[in-house]
>>> print(open('run.tsv').read())   # TSV, C-alpha atoms
chain	number	residue	atom	x	y	z
A	1	MET	CA	146.01	158.81	108.19
A	2	ALA	CA	146.70	160.91	111.30
A	3	ASP	CA	143.85	162.55	113.16
A	4	ALA	CA	142.47	165.58	111.32
A	5	PRO	CA	143.64	168.90	112.74
A	6	ALA	CA	141.15	171.25	114.33
A	7	LEU	CA	138.97	172.91	111.75
A	8	PRO	CA	139.56	176.57	110.91
A	9	GLY	CA	136.68	179.04	111.09
A	10	THR	CA	133.59	179.16	108.91
A	11	MET	CA	134.21	179.33	105.18
A	12	VAL	CA	133.26	182.91	104.38
A	13	ASP	CA	134.89	184.88	101.58
A	14	ARG	CA	136.17	188.45	101.84
A	15	HIS	CA	132.80	189.75	100.63
A	16	GLY	CA	130.88	188.04	103.43
A	17	ARG	CA	129.48	185.19	101.32
A	18	ALA	CA	129.35	181.78	103.00
A	19	ILE	CA	130.67	179.01	100.73
A	20	ARG	CA	128.34	176.03	100.86
A	21	TYR	CA	128.70	174.50	97.39
A	22	LEU	CA	131.67	172.74	95.76
A	23	ARG	CA	131.69	171.68	92.13
A	24	ILE	CA	134.26	169.03	91.27
A	25	SER	CA	135.50	168.32	87.76
A	26	VAL	CA	136.60	164.69	87.82
A	27	THR	CA	137.91	164.89	84.24
A	28	ASP	CA	138.32	167.48	81.49
A	29	ARG	CA	137.65	164.79	78.88
A	30	CYS	CA	134.35	164.44	77.07
A	31	ASP	CA	132.95	162.08	74.46
A	32	LEU	CA	131.11	164.94	72.72
A	33	ARG	CA	132.48	168.14	71.16
A	34	CYS	CA	129.71	170.72	71.56
A	35	ARG	CA	130.49	173.64	69.29
A	36	TYR	CA	129.88	176.39	71.86
A	37	CYS	CA	131.94	174.57	74.50
A	38	MET	CA	135.14	173.33	72.88
A	39	SER	CA	137.09	173.02	69.69
A	40	GLU	CA	136.75	169.91	67.56
A	41	GLN	CA	140.41	169.06	68.09
A	42	MET	CA	140.98	169.32	71.82
A	43	THR	CA	144.15	168.66	73.80
A	44	PHE	CA	143.23	167.19	77.16
A	45	LEU	CA	145.34	167.00	80.30
A	46	PRO	CA	147.65	163.99	80.64
A	47	ARG	CA	146.31	161.51	83.14
A	48	SER	CA	149.46	161.94	85.23
A	49	ALA	CA	148.40	165.55	85.94
A	50	LEU	CA	145.05	164.60	87.46
A	51	LEU	CA	144.06	164.27	91.08
A	52	ALA	CA	143.63	160.64	92.03
A	53	LEU	CA	140.04	159.75	92.92
A	54	GLU	CA	141.21	159.12	96.49
A	55	GLU	CA	142.61	162.68	96.60
A	56	ILE	CA	139.37	164.11	95.22
A	57	ALA	CA	137.51	162.32	97.99
A	58	VAL	CA	139.86	163.68	100.68
A	59	VAL	CA	139.48	167.25	99.41
A	60	ALA	CA	135.70	166.95	99.08
A	61	GLU	CA	135.38	165.51	102.57
A	62	ARG	CA	137.45	168.35	103.97
A	63	PHE	CA	135.10	170.86	102.37
A	64	VAL	CA	132.11	169.03	103.86
A	65	ALA	CA	133.77	169.07	107.28
A	66	ARG	CA	134.22	172.84	106.89
A	67	GLY	CA	130.59	173.53	106.05
A	68	VAL	CA	129.96	172.75	102.38
A	69	ARG	CA	126.46	171.28	102.08
A	70	LYS	CA	126.29	170.42	98.39
A	71	LEU	CA	128.70	168.59	96.07
A	72	ARG	CA	128.32	168.32	92.33
A	73	LEU	CA	130.47	166.04	90.17
A	74	THR	CA	131.07	167.45	86.70
A	75	GLY	CA	133.53	167.43	83.83
A	76	GLY	CA	134.02	167.25	80.88
A	77	GLU	CA	131.85	164.20	81.11
A	78	PRO	CA	132.30	162.69	84.60
A	79	LEU	CA	131.07	159.24	83.60
A	80	VAL	CA	133.96	158.72	81.19
A	81	ARG	CA	136.43	158.55	84.08
A	82	ARG	CA	137.24	155.00	85.05
A	83	ASP	CA	136.07	153.94	88.51
A	84	VAL	CA	134.18	157.18	89.11
A	85	GLY	CA	131.48	155.04	90.72
A	86	GLU	CA	133.82	154.38	93.64
A	87	LEU	CA	134.10	158.11	94.26
A	88	VAL	CA	130.33	158.53	94.08
A	89	ARG	CA	129.79	155.75	96.60
A	90	ARG	CA	132.32	157.19	99.03
A	91	LEU	CA	130.92	160.72	98.86
A	92	GLY	CA	127.37	159.41	98.98
A	93	ARG	CA	127.99	158.14	102.51
A	94	HIS	CA	128.08	161.76	103.69
A	95	VAL	CA	124.57	162.57	102.46
A	96	GLY	CA	122.52	163.20	105.58
A	97	ALA	CA	125.68	163.33	107.67
A	98	GLY	CA	126.93	166.84	106.96
A	99	LEU	CA	126.08	166.84	103.27
A	100	ASP	CA	122.62	167.79	102.03
A	101	GLU	CA	123.01	166.74	98.43
A	102	LEU	CA	125.34	164.94	96.02
A	103	THR	CA	124.51	165.58	92.38
A	104	LEU	CA	126.05	165.00	88.97
A	105	THR	CA	126.04	166.84	85.65
A	106	THR	CA	126.30	164.64	82.56
A	107	ASN	CA	125.76	164.76	78.82
A	108	GLY	CA	123.70	161.59	79.19
A	109	THR	CA	125.60	159.39	76.75
A	110	ARG	CA	126.53	156.90	79.49
A	111	LEU	CA	123.71	157.55	81.90
A	112	ALA	CA	121.80	154.37	81.03
A	113	GLN	CA	124.75	152.26	82.24
A	114	HIS	CA	125.26	154.23	85.46
A	115	ALA	CA	121.82	155.45	86.58
A	116	GLU	CA	120.97	152.63	89.00
A	117	ALA	CA	124.42	152.70	90.60
A	118	LEU	CA	124.19	156.47	91.05
A	119	ALA	CA	120.83	156.13	92.77
A	120	ASP	CA	122.12	153.32	94.98
A	121	ALA	CA	125.10	155.50	95.99
A	122	GLY	CA	122.95	158.36	97.26
A	123	VAL	CA	122.56	160.58	94.22
A	124	ARG	CA	118.97	161.81	93.96
A	125	ARG	CA	119.22	164.28	91.10
A	126	VAL	CA	121.16	164.56	87.85
A	127	ASN	CA	121.52	167.42	85.40
A	128	VAL	CA	121.60	166.37	81.76
A	129	SER	CA	123.02	168.76	79.18
A	130	MET	CA	120.76	168.55	76.12
A	131	ASP	CA	120.23	171.51	73.80
A	132	THR	CA	117.60	170.20	71.39
A	133	LEU	CA	115.08	167.43	70.75
A	134	ASP	CA	115.91	167.44	67.04
A	135	PRO	CA	118.25	164.49	66.29
A	136	ALA	CA	119.93	166.16	63.30
A	137	LEU	CA	120.50	169.43	65.14
A	138	PHE	CA	121.73	167.52	68.19
A	139	ARG	CA	124.30	165.77	66.03
A	140	HIS	CA	125.35	169.11	64.52
A	141	ILE	CA	125.75	170.91	67.86
A	142	THR	CA	127.64	168.02	69.49
A	143	ARG	CA	129.48	167.20	66.23
A	144	HIS	CA	128.63	163.48	66.47
A	145	GLY	CA	126.22	162.83	69.34
A	146	ASP	CA	123.24	160.43	69.21
A	147	LEU	CA	120.11	161.97	70.73
A	148	ALA	CA	118.42	158.58	71.12
A	149	GLN	CA	121.26	157.43	73.35
A	150	VAL	CA	120.80	160.45	75.63
A	151	LEU	CA	117.01	160.06	75.76
A	152	ASP	CA	117.47	156.42	76.74
A	153	GLY	CA	119.79	157.53	79.55
A	154	ILE	CA	117.23	160.05	80.79
A	155	ALA	CA	114.46	157.45	80.75
A	156	THR	CA	116.66	154.99	82.66
A	157	ALA	CA	117.53	157.64	85.24
A	158	LYS	CA	113.85	158.45	85.75
A	159	ALA	CA	113.05	154.76	86.17
A	160	ALA	CA	115.84	154.48	88.76
A	161	GLY	CA	114.18	157.20	90.83
A	162	LEU	CA	116.52	160.04	89.93
A	163	ARG	CA	115.08	163.50	89.48
A	164	VAL	CA	116.22	164.85	86.11
A	165	LYS	CA	116.92	168.46	85.22
A	166	ILE	CA	117.66	169.31	81.60
A	167	ASN	CA	120.27	172.00	80.99
A	168	THR	CA	119.83	173.76	77.64
A	169	VAL	CA	122.18	176.44	76.34
A	170	ALA	CA	120.17	179.02	74.38
A	171	LEU	CA	121.77	179.36	70.95
A	172	LYS	CA	120.58	181.96	68.46
A	173	GLY	CA	119.90	180.51	65.04
A	174	TRP	CA	120.20	176.93	66.24
A	175	ASN	CA	117.76	175.99	68.97
A	176	GLU	CA	115.75	179.16	69.74
A	177	ASP	CA	112.64	177.73	68.02
A	178	GLY	CA	113.07	174.49	69.95
A	179	ILE	CA	113.07	175.98	73.45
A	180	ALA	CA	109.27	176.03	73.81
A	181	PRO	CA	109.00	172.39	72.60
A	182	MET	CA	111.75	171.48	75.06
A	183	LEU	CA	109.80	173.02	77.93
A	184	ALA	CA	106.61	171.27	76.81
A	185	TRP	CA	108.47	167.93	76.68
A	186	CYS	CA	109.96	168.49	80.14
A	187	ALA	CA	106.53	169.31	81.57
A	188	ALA	CA	105.07	166.15	80.01
A	189	GLU	CA	107.93	163.98	81.32
A	190	GLY	CA	108.13	165.53	84.78
A	191	HIS	CA	111.60	167.02	84.33
A	192	ASP	CA	112.85	170.48	85.26
A	193	LEU	CA	114.47	172.69	82.61
A	194	THR	CA	117.21	175.26	83.05
A	195	LEU	CA	118.11	177.62	80.22
A	196	ILE	CA	121.64	179.02	80.13
A	197	GLU	CA	123.19	181.90	78.25
A	198	THR	CA	126.40	180.97	76.45
A	199	MET	CA	129.51	182.15	78.32
A	200	PRO	CA	132.87	183.33	76.89
A	201	LEU	CA	135.07	180.56	78.27
A	202	GLY	CA	137.94	179.19	76.17
A	203	ALA	CA	138.71	179.52	72.48
A	204	ILE	CA	136.32	177.71	70.13
A	205	ASP	CA	136.08	177.38	66.35
A	206	GLU	CA	133.24	179.90	65.98
A	207	ASP	CA	132.34	183.45	67.02
A	208	ARG	CA	130.12	183.25	70.11
A	209	THR	CA	128.48	186.53	69.12
A	210	ASP	CA	126.69	184.67	66.34
A	211	ARG	CA	125.00	182.34	68.84
A	212	PHE	CA	124.40	184.54	71.89
A	213	LEU	CA	120.70	184.57	72.76
A	214	PRO	CA	119.62	186.81	75.69
A	215	LEU	CA	117.24	184.98	78.00
A	216	THR	CA	115.20	188.12	78.67
A	217	GLY	CA	113.56	187.75	75.24
A	218	VAL	CA	113.29	183.97	75.58
A	219	LEU	CA	111.35	184.33	78.83
A	220	GLU	CA	108.94	186.82	77.26
A	221	ARG	CA	108.12	184.36	74.49
A	222	LEU	CA	107.71	181.45	76.89
A	223	ARG	CA	105.40	183.43	79.17
A	224	ALA	CA	103.17	184.09	76.19
A	225	GLU	CA	102.86	180.34	75.59
A	226	PHE	CA	103.03	178.74	79.05
A	227	PRO	CA	101.36	179.56	82.39
A	228	LEU	CA	104.57	180.50	84.22
A	229	VAL	CA	104.45	181.71	87.81
A	230	PRO	CA	107.46	182.94	89.82
A	231	ASP	CA	108.92	180.31	92.15
A	232	ALA	CA	110.94	181.11	95.26
A	233	HIS	CA	112.89	177.83	94.99
A	234	ARG	CA	116.67	178.11	95.24
A	235	SER	CA	118.97	175.20	94.46
A	236	GLY	CA	122.22	176.74	95.69
A	237	GLY	CA	123.09	177.84	92.17
A	238	PRO	CA	122.58	181.02	90.14
A	239	ALA	CA	119.25	180.13	88.51
A	240	ARG	CA	116.06	182.09	89.08
A	241	TYR	CA	112.93	179.96	88.79
A	242	TRP	CA	109.41	179.85	87.43
A	243	ARG	CA	106.96	176.98	87.69
A	244	VAL	CA	104.82	175.72	84.84
A	245	GLU	CA	101.44	176.00	86.51
A	246	GLY	CA	99.61	172.70	86.82
A	247	THR	CA	102.82	170.64	86.58
A	248	ASP	CA	105.79	169.67	88.75
A	249	THR	CA	108.20	171.29	86.30
A	250	ARG	CA	110.37	174.25	87.20
A	251	LEU	CA	111.94	176.52	84.60
A	252	GLY	CA	115.27	178.00	85.66
A	253	LEU	CA	117.17	180.79	83.93
A	254	ILE	CA	120.93	181.25	84.29
A	255	SER	CA	121.78	184.58	82.72
A	256	PRO	CA	125.39	185.58	83.49
A	257	MET	CA	125.43	188.05	80.59
A	258	THR	CA	122.10	189.88	81.01
A	259	ALA	CA	121.47	189.53	84.76
A	260	ASN	CA	124.60	189.21	86.88
A	261	PHE	CA	124.04	186.89	89.84
A	262	CYS	CA	127.38	187.17	91.63
A	263	ASP	CA	126.20	188.92	94.79
A	264	GLY	CA	124.83	185.64	96.13
A	265	CYS	CA	127.60	183.34	94.88
A	266	ASN	CA	128.13	180.51	97.35
A	267	ARG	CA	130.28	178.16	95.27
A	268	VAL	CA	133.84	177.31	94.33
A	269	ARG	CA	135.16	174.85	91.76
A	270	LEU	CA	137.83	172.18	91.95
A	271	THR	CA	139.46	171.23	88.66
A	272	THR	CA	140.52	167.73	87.76
A	273	GLU	CA	144.18	168.72	88.23
A	274	GLY	CA	143.52	170.03	91.72
A	275	LYS	CA	143.23	173.78	91.25
A	276	LEU	CA	140.54	175.62	93.17
A	277	TYR	CA	138.87	178.41	91.19
A	278	THR	CA	136.60	180.75	93.10
A	279	CYS	CA	135.07	182.30	89.95
A	280	LEU	CA	134.39	181.05	86.43
A	281	GLY	CA	135.36	184.41	84.98
A	282	HIS	CA	138.76	184.87	86.65
A	283	ASP	CA	142.11	183.11	86.37
A	284	ASP	CA	143.05	183.35	90.06
A	285	ALA	CA	143.38	179.85	91.49
A	286	VAL	CA	145.02	178.00	94.36
A	287	ASP	CA	146.74	174.64	93.89
A	288	LEU	CA	145.10	172.23	96.34
A	289	LYS	CA	146.88	169.22	94.88
A	290	ALA	CA	150.29	170.67	95.72
A	291	ALA	CA	149.09	171.65	99.18
A	292	LEU	CA	147.63	168.24	99.97
A	293	ARG	CA	150.63	166.32	98.67
A	294	GLY	CA	153.11	168.67	100.29
A	295	GLY	CA	151.59	169.22	103.70
A	296	GLY	CA	148.48	167.12	104.21
A	297	LEU	CA	145.29	168.48	105.75
A	298	PRO	CA	146.87	171.50	107.51
A	299	ALA	CA	148.31	172.72	104.22
A	300	LEU	CA	145.03	171.96	102.45
A	301	ASP	CA	143.12	174.10	104.96
A	302	ALA	CA	145.60	176.95	104.54
A	303	ALA	CA	145.23	176.80	100.76
A	304	ILE	CA	141.42	176.85	101.02
A	305	ASP	CA	141.64	179.92	103.25
A	306	GLU	CA	143.95	181.57	100.71
A	307	ALA	CA	141.38	180.95	97.98
A	308	LEU	CA	138.57	182.45	100.05
A	309	ALA	CA	140.68	185.57	100.54
A	310	ILE	CA	140.99	186.16	96.77
A	311	LYS	CA	137.45	185.29	95.64
A	312	PRO	CA	136.34	188.27	93.51
A	313	ALA	CA	133.10	190.16	93.92
A	314	ARG	CA	131.90	189.29	90.42
A	315	HIS	CA	132.80	188.12	86.95
A	316	HIS	CA	133.13	190.49	83.98
A	317	PHE	CA	131.82	188.37	81.10
A	318	ARG	CA	131.43	190.14	77.77
A	319	ILE	CA	130.41	188.77	74.40
A	320	ALA	CA	131.23	191.01	71.45
A	321	THR	CA	132.48	190.48	67.92
A	322	GLY	CA	136.22	189.87	68.05
A	323	ALA	CA	136.33	189.91	71.86
A	324	ALA	CA	138.68	187.42	73.49
A	325	PRO	CA	137.23	184.85	75.90
A	326	ALA	CA	136.99	186.02	79.50
A	327	VAL	CA	139.46	183.27	80.40
A	328	ALA	CA	141.52	180.95	78.22
A	329	ARG	CA	140.42	177.72	79.89
A	330	HIS	CA	137.36	175.89	78.62
A	331	MET	CA	134.34	175.12	80.78
A	332	SER	CA	135.33	171.45	80.69
A	333	VAL	CA	138.55	172.30	82.56
A	334	THR	CA	136.86	174.23	85.37
A	335	GLY	CA	133.78	172.04	85.53
A	336	GLY	CA	130.31	172.89	84.31
>>> encode(input="run.tsv", output="structure tokens")
Amino acid sequence: MADAPALPGTMVDRHGRAIRYLRISVTDRCDLRCRYCMSEQMTFLPRSALLALEEIAVVAERFVARGVRKLRLTGGEPLVRRDVGELVRRLGRHVGAGLDELTLTTNGTRLAQHAEALADAGVRRVNVSMDTLDPALFRHITRHGDLAQVLDGIATAKAAGLRVKINTVALKGWNEDGIAPMLAWCAAEGHDLTLIETMPLGAIDEDRTDRFLPLTGVLERLRAEFPLVPDAHRSGGPARYWRVEGTDTRLGLISPMTANFCDGCNRVRLTTEGKLYTCLGHDDAVDLKAALRGGGLPALDAAIDEALAIKPARHHFRIATGAAPAVARHMSVTGG
């Protein structure tokens, strides 16, 4: 490859926010079908439409060269993509050399097979999406998932030296009574826990209004049961944190519906087909795949600058009976 062209200026959007965080969806495919996330019968992108892993690496490395300090690999389920370990190893070489952190979000079904390799490649922390500790409810929410398989993956990750954060979507009528037990389990195991309000992304088979659970009320109930103290920790994401006093466990709350966090947004998202979205709640995107294939790094830089120029000030999520999703694409397309 020819020498890289001189880097453009600092990556700052039109609202003055410095972009330091890139989330990369390596695949829109998933081996689970969580009811709040996707329909049971999903149509996934053809493999011919996807960025090659080599192309993902080139784009990610360009973002790092331009000032991004954190990369997260997501999906879908990133560990279902063949040879994803090669991408992790390549990106892991940049940790400590321009990149502060390389992380991965997973549903945990394949974590036991990959945990040691992830740790060896430079990953130090994984987020595991797990909404309940009840095996029957877990199977219902995921439509066919095996909780024991996920718990085994978490245990293997912990043994490999990976810090584990559990991501739990708060779902009214399903897991609201299990949130306190989840926090107690995380505190006992030494894991962090982040609670997330469900977001109106993509058409699903149910009405999201039936499951929307505001985290304001959840936090009130947890504070009555646990010694929670505010924590100034920031991970580069939208969560606001509390610490369970006397433990190493942080509780994070991501509340896009009840407490908009867009003023400090420092992230953009690369889809598996090469589109760069600057906001989960908007359809505006720039095609980095076309730019890279058509004009190499100079065209890629120009496309990134174009995306920064259209990044909106905020999303406009709304959950109401009969309301259409904020955007038609599912979370698995953009990357969780």
>>> atom_distance(input="run.tsv", atom1="atom CA of Trp185 of chain A", atom2="atom CA of Thr249 of chain A")
10.2 Å
>>> residues_around(input="run.tsv", residues="Thr109 of chain A", least_positions_apart="6", cutoff="7 Å", atoms="all atoms listed in the file", output="number ranges by chain")
A: 149-150, 153
>>> residues_around(input="run.tsv", residues="Gly16 of chain A", least_positions_apart="2", cutoff="12 Å", atoms="all atoms listed in the file", output="number ranges by chain")
A: 10-14, 18-19, 263-266, 308-309, 311-313
>>> residues_around(input="run.tsv", residues="Gly161 of chain A", least_positions_apart="2", cutoff="12 Å", atoms="only C-alpha atoms", output="ChimeraX atom specification")
/A:115-120,122-126,154-159,163-164,190
>>> atom_distance(input="run.tsv", atom1="atom CA of Asp152 of chain A", atom2="atom CA of Gly92 of chain A")
24.5 Å
>>> residues_around(input="run.tsv", residues="Arg81 of chain A", least_positions_apart="3", cutoff="7 Å", atoms="only C-alpha atoms", output="ChimeraX atom specification")
/A:27,78,84
>>> residues_around(input="run.tsv", residues="Thr271 of chain A", least_positions_apart="6", cutoff="10 Å", atoms="all atoms listed in the file", output="JSON, numbers by chain")
{"A": [23, 24, 25, 26, 27, 28, 50, 51, 56, 74, 75, 277, 285, 287, 288, 289, 332, 333, 334, 335]}
>>> closest_residue(input="run.tsv", among="A:Leu193, A:Ala184, A:Val268, A:Leu213", to="Arg240 of chain A", atoms="all atoms listed in the file")
A:Leu193
>>> closest_residue(input="run.tsv", among="A:Leu292, A:Val95, A:Tyr36, A:Leu151", to="Glu197 of chain A", atoms="only C-alpha atoms")
A:Tyr36
>>> closest_residue(input="run.tsv", among="A:Arg250, A:Arg72, A:Arg143, A:Lys172", to="Phe212 of chain A", atoms="only C-alpha atoms")
A:Lys172
>>> decode(input="run.tsv", residues="segment 268-308 of chain A", atoms="C-alpha atoms", output="mmCIF file, in the first residue's frame")
data_model
loop_
_atom_site.group_PDB
_atom_site.id
_atom_site.type_symbol
_atom_site.label_atom_id
_atom_site.label_comp_id
_atom_site.auth_asym_id
_atom_site.auth_seq_id
_atom_site.Cartn_x
_atom_site.Cartn_y
_atom_site.Cartn_z
ATOM 1 C CA VAL A 268 -19.687 6.957 15.691
ATOM 2 C CA ARG A 269 -20.631 3.519 14.385
ATOM 3 C CA LEU A 270 -19.404 1.517 11.417
ATOM 4 C CA THR A 271 -21.821 -1.078 10.067
ATOM 5 C CA THR A 272 -20.775 -4.427 8.715
ATOM 6 C CA GLU A 273 -21.513 -3.222 5.166
ATOM 7 C CA GLY A 274 -19.289 -0.187 5.578
ATOM 8 C CA LYS A 275 -21.718 2.618 6.352
ATOM 9 C CA LEU A 276 -20.749 5.138 9.009
ATOM 10 C CA TYR A 277 -23.651 6.255 11.202
ATOM 11 C CA THR A 278 -23.040 9.181 13.503
ATOM 12 C CA CYS A 279 -26.231 8.621 15.541
ATOM 13 C CA LEU A 280 -28.306 5.577 16.461
ATOM 14 C CA GLY A 281 -31.511 7.550 16.050
ATOM 15 C CA HIS A 282 -30.934 8.991 12.570
ATOM 16 C CA ASP A 283 -30.706 7.501 9.085
ATOM 17 C CA ASP A 284 -27.978 9.812 7.776
ATOM 18 C CA ALA A 285 -24.913 7.757 6.886
ATOM 19 C CA VAL A 286 -21.798 7.920 4.737
ATOM 20 C CA ASP A 287 -20.587 4.941 2.699
ATOM 21 C CA LEU A 288 -16.989 4.296 3.766
ATOM 22 C CA LYS A 289 -16.794 1.050 1.817
ATOM 23 C CA ALA A 290 -17.448 2.831 -1.472
ATOM 24 C CA ALA A 291 -14.981 5.560 -0.555
ATOM 25 C CA LEU A 292 -12.210 3.147 0.402
ATOM 26 C CA ARG A 293 -12.673 0.931 -2.634
ATOM 27 C CA GLY A 294 -13.042 3.869 -4.995
ATOM 28 C CA GLY A 295 -10.327 6.207 -3.801
ATOM 29 C CA GLY A 296 -8.253 4.664 -1.036
ATOM 30 C CA LEU A 297 -7.261 6.548 2.104
ATOM 31 C CA PRO A 298 -7.742 10.079 0.702
ATOM 32 C CA ALA A 299 -11.339 9.272 -0.215
ATOM 33 C CA LEU A 300 -11.844 7.534 3.132
ATOM 34 C CA ASP A 301 -10.679 10.655 4.981
ATOM 35 C CA ALA A 302 -12.997 12.848 2.915
ATOM 36 C CA ALA A 303 -15.939 10.562 3.680
ATOM 37 C CA ILE A 304 -15.159 10.623 7.416
ATOM 38 C CA ASP A 305 -15.083 14.424 7.311
ATOM 39 C CA GLU A 306 -18.435 14.413 5.507
ATOM 40 C CA ALA A 307 -19.914 12.272 8.274
ATOM 41 C CA LEU A 308 -18.620 14.591 10.990
#
